[in-house]
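**Student:** The following block contains the structure, expressed as structure tokens.
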Amino acid sequence: MAAAQPPAGGAPLGVGVVGGGSIAEWHLSSYVRNPDVRVVAVADVDLARATARAAEHTALAAASGRQHEPVRAYASHTDLLDDADVQAVSVCTRNDTHSPIAVDVLASGRSALVEKPMARTVAEAEAIVAAEAASDGVVQVGYVRRWSPNAQVLKTFADAGDLGAVYYAKATCLRQAGNPGGWFADRSISGGGPLIDVGVHFLDLAWWFMGAPRAVAVSGYTSDRLGNRGNIESLTRWKSADYDVSKNSVEDLAGAVVRFEGGAVLHLDVSYSLHGRPQIGLALFGERGGAELEPALTLFTEQHDTITEVVPHVDSRSFDIVPAFQNEIDGFVRAARGLEPSVAPASHGLEMTKIVTAVYESAARGAEITL
């Protein structure tokens, strides 16, 4: 594998993307809009898909007026890492490949933006942490909801102490029929269902706003009563490219109560399939004030012995995916260039993996897990 270092001076960062699926499209589109980046290559085990993505983004990059070299296509991440022009890598592959690919990227001295979940198991996450510690590169985990403008605004308030110590948080992401199927529904590949797929976003957000405390105990539950609800015909949903209605080995519903060092508590519930209204919510409760990030950013406090509700005037009070991905990519580029620390290092991914793993273990045992 060719070793690569971030460019000196004002030269653009050469970026490679491993994986040619839908999440890679968000990364590639955002890289193209960053003037400090040159998209070098795309790799996918399906070379035809990598070639198509490369051609598509060659045209986009050329249209930006900053790049005219064709984006190269490779059939493996190892081939991509042999390209000396690649200096940083986005890992946008199936969950079971995140750890080995990230470890290889870091071993080559490059930085890695690893899509969530960072890993399926604690051992896989620990391997990435160890590789980051031994590398000149850095890891950023793809917790894109941290980068949404509404979350960025709320973090400013939280960091300024306006909420005080956050001692309770509630995070919810309930879907009626949102099982993507395919490898997402194969536990051996994905590591689990809605908890590890979408729940980890909300778990991470709440934990981040709480100040990243260490989890000490987890009581979790799961249910698998509804399956993938492939019979539903009147509701459009995104499906994995390898969707198979007959295959599903993940939970429909998961939830947990997580207790942290210092006494703070987080309650999480998440589903792929549920007989009820879809719900998305994230609420924080602190000693000086509270906040809702979703469904719409709102702050709560008291003034002059009166409870008050504050509505910030921002472009979007809810999750906004386009600027969120752009902010995430821009932040990774700065971290890879050594301009600022990673906002979501491998240690954060490890902590989330420990909690998610404990939820599944607690549900299986029917007892609280001590960490």
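Naming scheme: A, B, ... for chains in displayed order of the structure tokens; residues 1 onward per chain; ligands 1 onward as shown.
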Extract the full set of alpha helix (DSSP H) residues from range 290-338 of chain A according to DSSP on the backbone, and format it as a PyMOL selection string.
**Tutor:** chain A and resi 321-336
**Student:** With C-alpha atoms retained, write the just-selected residues as an mmCIF file, in the first residue's frame.
**Tutor:**
```cif
data_model
loop_
_atom_site.group_PDB
_atom_site.id
_atom_site.type_symbol
_atom_site.label_atom_id
_atom_site.label_comp_id
_atom_site.auth_asym_id
_atom_site.auth_seq_id
_atom_site.Cartn_x
_atom_site.Cartn_y
_atom_site.Cartn_z
ATOM 1 C CA ILE A 321 -29.269 16.309 5.403
ATOM 2 C CA VAL A 322 -27.581 18.344 2.643
ATOM 3 C CA PRO A 323 -25.736 20.857 4.844
ATOM 4 C CA ALA A 324 -25.185 18.131 7.451
ATOM 5 C CA PHE A 325 -23.226 15.974 5.011
ATOM 6 C CA GLN A 326 -21.378 18.992 3.651
ATOM 7 C CA ASN A 327 -20.386 20.087 7.153
ATOM 8 C CA GLU A 328 -19.309 16.544 8.012
ATOM 9 C CA ILE A 329 -17.137 16.213 4.903
ATOM 10 C CA ASP A 330 -15.646 19.680 5.380
ATOM 11 C CA GLY A 331 -14.814 18.831 8.999
ATOM 12 C CA PHE A 332 -13.133 15.578 7.991
ATOM 13 C CA VAL A 333 -11.045 17.375 5.370
ATOM 14 C CA ARG A 334 -9.814 19.841 7.987
ATOM 15 C CA ALA A 335 -8.990 16.997 10.393
ATOM 16 C CA ALA A 336 -7.195 14.997 7.678
#
```
**Student:** Near Val343 in chain A, counting only C-alpha atoms, which residues have an atom at most 7 Å away, once you skip same-chain residues fewer than 2 positions from it, shown as JSON, numbers by chain?
**Tutor:** {"A": [140, 341, 345]}
**Student:** Would you output that residue set with all heavy atoms, as an mmCIF file, in the first residue's frame?
**Tutor:**
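Listing of out-v6.cif after writing:
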```cif
data_model
loop_
_atom_site.group_PDB
_atom_site.id
_atom_site.type_symbol
_atom_site.label_atom_id
_atom_site.label_comp_id
_atom_site.auth_asym_id
_atom_site.auth_seq_id
_atom_site.Cartn_x
_atom_site.Cartn_y
_atom_site.Cartn_z
ATOM 1 N N GLN A 140 -12.566 9.774 11.682
ATOM 2 C CA GLN A 140 -13.806 10.481 11.986
ATOM 3 C C GLN A 140 -14.950 9.520 11.708
ATOM 4 O O GLN A 140 -15.028 8.948 10.623
ATOM 5 C CB GLN A 140 -13.972 11.743 11.136
ATOM 6 C CG GLN A 140 -15.247 12.524 11.485
ATOM 7 C CD GLN A 140 -15.292 13.868 10.786
ATOM 8 O OE1 GLN A 140 -14.418 14.712 10.984
ATOM 9 N NE2 GLN A 140 -16.294 14.071 9.954
ATOM 10 N N PRO A 341 -8.626 18.873 15.443
ATOM 11 C CA PRO A 341 -8.837 17.480 15.854
ATOM 12 C C PRO A 341 -10.114 16.924 15.237
ATOM 13 O O PRO A 341 -11.031 17.660 14.873
ATOM 14 C CB PRO A 341 -8.961 17.570 17.381
ATOM 15 C CG PRO A 341 -8.497 18.937 17.758
ATOM 16 C CD PRO A 341 -8.720 19.815 16.570
ATOM 17 N N PRO A 345 -13.721 11.010 16.954
ATOM 18 C CA PRO A 345 -12.609 10.064 16.804
ATOM 19 C C PRO A 345 -13.046 8.625 17.054
ATOM 20 O O PRO A 345 -14.179 8.358 17.470
ATOM 21 C CB PRO A 345 -11.621 10.538 17.874
ATOM 22 C CG PRO A 345 -12.469 11.183 18.917
ATOM 23 C CD PRO A 345 -13.594 11.835 18.167
#
```
**Student:** Measuring between only C-alpha atoms, which one of A:Ser90, A:Leu81, A:Pro70, A:Ser135 shows the shortest distance to Ser30 in chain A?
**Tutor:** A:Ser90
**Student:** Give me the residues near Leu371 in chain A as a list in words, where near means some atom within 9 Å (using only C-alpha atoms) and where sequence neighbours in that chain fewer than 4 positions away do not count.
**Tutor:** Ala215, Val216, Ala217, Val218, Lys354, Ile355 and Ala358 of chain A
**Student:** Any chance you could export the current selection's all heavy atoms as an mmCIF file, in the first residue's frame?
**Tutor:**
```cif
data_model
loop_
_atom_site.group_PDB
_atom_site.id
_atom_site.type_symbol
_atom_site.label_atom_id
_atom_site.label_comp_id
_atom_site.auth_asym_id
_atom_site.auth_seq_id
_atom_site.Cartn_x
_atom_site.Cartn_y
_atom_site.Cartn_z
ATOM 1 N N ALA A 215 -20.488 5.315 30.144
ATOM 2 C CA ALA A 215 -21.629 4.478 30.517
ATOM 3 C C ALA A 215 -21.199 3.450 31.561
ATOM 4 O O ALA A 215 -20.123 2.857 31.453
ATOM 5 C CB ALA A 215 -22.186 3.770 29.297
ATOM 6 N N VAL A 216 -22.048 3.245 32.573
ATOM 7 C CA VAL A 216 -21.721 2.276 33.628
ATOM 8 C C VAL A 216 -22.708 1.122 33.698
ATOM 9 O O VAL A 216 -22.375 0.054 34.227
ATOM 10 C CB VAL A 216 -21.634 2.970 35.007
ATOM 11 C CG1 VAL A 216 -20.489 3.970 35.026
ATOM 12 C CG2 VAL A 216 -22.951 3.654 35.380
ATOM 13 N N ALA A 217 -23.920 1.297 33.162
ATOM 14 C CA ALA A 217 -24.907 0.211 33.213
ATOM 15 C C ALA A 217 -25.926 0.406 32.098
ATOM 16 O O ALA A 217 -26.296 1.533 31.759
ATOM 17 C CB ALA A 217 -25.612 0.175 34.560
ATOM 18 N N VAL A 218 -26.394 -0.703 31.534
ATOM 19 C CA VAL A 218 -27.345 -0.677 30.426
ATOM 20 C C VAL A 218 -28.411 -1.736 30.663
ATOM 21 O O VAL A 218 -28.098 -2.903 30.943
ATOM 22 C CB VAL A 218 -26.647 -0.952 29.077
ATOM 23 C CG1 VAL A 218 -27.670 -1.040 27.949
ATOM 24 C CG2 VAL A 218 -25.605 0.112 28.770
ATOM 25 N N LYS A 354 -19.735 -0.172 22.515
ATOM 26 C CA LYS A 354 -19.885 -0.803 23.825
ATOM 27 C C LYS A 354 -21.327 -0.706 24.311
ATOM 28 O O LYS A 354 -21.888 -1.682 24.846
ATOM 29 C CB LYS A 354 -18.954 -0.136 24.841
ATOM 30 C CG LYS A 354 -17.484 -0.475 24.665
ATOM 31 C CD LYS A 354 -16.634 0.244 25.714
ATOM 32 C CE LYS A 354 -15.169 -0.118 25.595
ATOM 33 N NZ LYS A 354 -14.336 0.612 26.595
ATOM 34 N N ILE A 355 -21.943 0.452 24.128
ATOM 35 C CA ILE A 355 -23.318 0.623 24.604
ATOM 36 C C ILE A 355 -24.288 -0.219 23.777
ATOM 37 O O ILE A 355 -25.159 -0.910 24.327
ATOM 38 C CB ILE A 355 -23.716 2.114 24.573
ATOM 39 C CG1 ILE A 355 -22.869 2.914 25.563
ATOM 40 C CG2 ILE A 355 -25.202 2.275 24.895
ATOM 41 C CD1 ILE A 355 -23.063 4.417 25.481
ATOM 42 N N ALA A 358 -24.000 -3.777 24.673
ATOM 43 C CA ALA A 358 -24.596 -4.031 25.984
ATOM 44 C C ALA A 358 -26.118 -4.086 25.905
ATOM 45 O O ALA A 358 -26.753 -4.866 26.636
ATOM 46 C CB ALA A 358 -24.155 -2.958 26.980
#
```
**Student:** Looking at only C-alpha atoms, which of A:Val144, A:Val86, A:Leu226, A:Val270 is the one that sits closest to Cys173 in chain A?
**Tutor:**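 For Cys173 in chain A, the nearest of the given residues is A:Val270.
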**Student:** Can you work out the spacing between CA of Ala61 in chain A and CA of Val42 in chain A in Å, to one decimal?
**Tutor:**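 Computed distance, CA of Ala61 in chain A to CA of Val42 in chain A, equals 13.4 Å.
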**Student:** Go through A:Ala11, A:Leu174, A:Ala291, A:Val166 one by one, measure the shortest atom-to-atom distance of each to Ser271 in chain A using only C-alpha atoms, and give the residue with the smallest value.
**Tutor:**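 Ranking A:Ala11, A:Leu174, A:Ala291, A:Val166 by distance to Ser271 in chain A, first place goes to A:Leu174.
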**Student:** Please identify every residue of range 185-264 of chain A that has at least one atom no farther than 10 Å from an atom of range 95-109 of chain A, counting only C-alpha atoms, and for each give the shortest atom pair and the distance in Å to one decimal, arranged by chain then increasing number, as CSV.
**Tutor:**
```
residue,atom,partner,partner_atom,distance
A:Arg187,CA,A:Asp96,CA,9.8
A:Ser188,CA,A:Asp96,CA,7.9
A:Ile189,CA,A:Asp96,CA,5.2
A:Ser190,CA,A:Asn95,CA,5.2
A:Gly191,CA,A:Asn95,CA,7.3
A:Gly192,CA,A:Asn95,CA,9.8
A:Ile196,CA,A:Asn95,CA,9.7
A:Asp197,CA,A:Asn95,CA,9.3
```
**Student:** Go ahead and save the residues from that selection, with C-alpha atoms, as a compact mmCIF listing (two decimals), in the first residue's frame.
**Tutor:**
```txt
# COMPACT_ATOMS: atom_id res chain seq x y z
CA ARG A 187 -27.40 -9.81 11.58
CA SER A 188 -24.18 -11.57 10.62
CA ILE A 189 -23.34 -8.70 8.25
CA SER A 190 -24.98 -5.66 9.87
CA GLY A 191 -24.53 -6.58 13.53
CA GLY A 192 -28.20 -5.87 14.23
CA ILE A 196 -27.18 -0.37 15.32
CA ASP A 197 -28.41 1.20 12.07
```
**Student:** Rank A:Ala206, A:Val153, A:Val141, A:Val37 by their smallest atom-to-atom distance to Val129 in chain A, using only C-alpha atoms, and report the top residue only.
**Tutor:**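 Nearest to Val129 in chain A: A:Val141.
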**Student:** Could you check the closest approach to Lys239 in chain A for each of A:Asn179, A:Ser219, A:Thr308, A:Thr298 and tell me which residue wins, using only C-alpha atoms?
**Tutor:**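 Counting only C-alpha atoms, the residue closest to Lys239 in chain A is A:Asn179.
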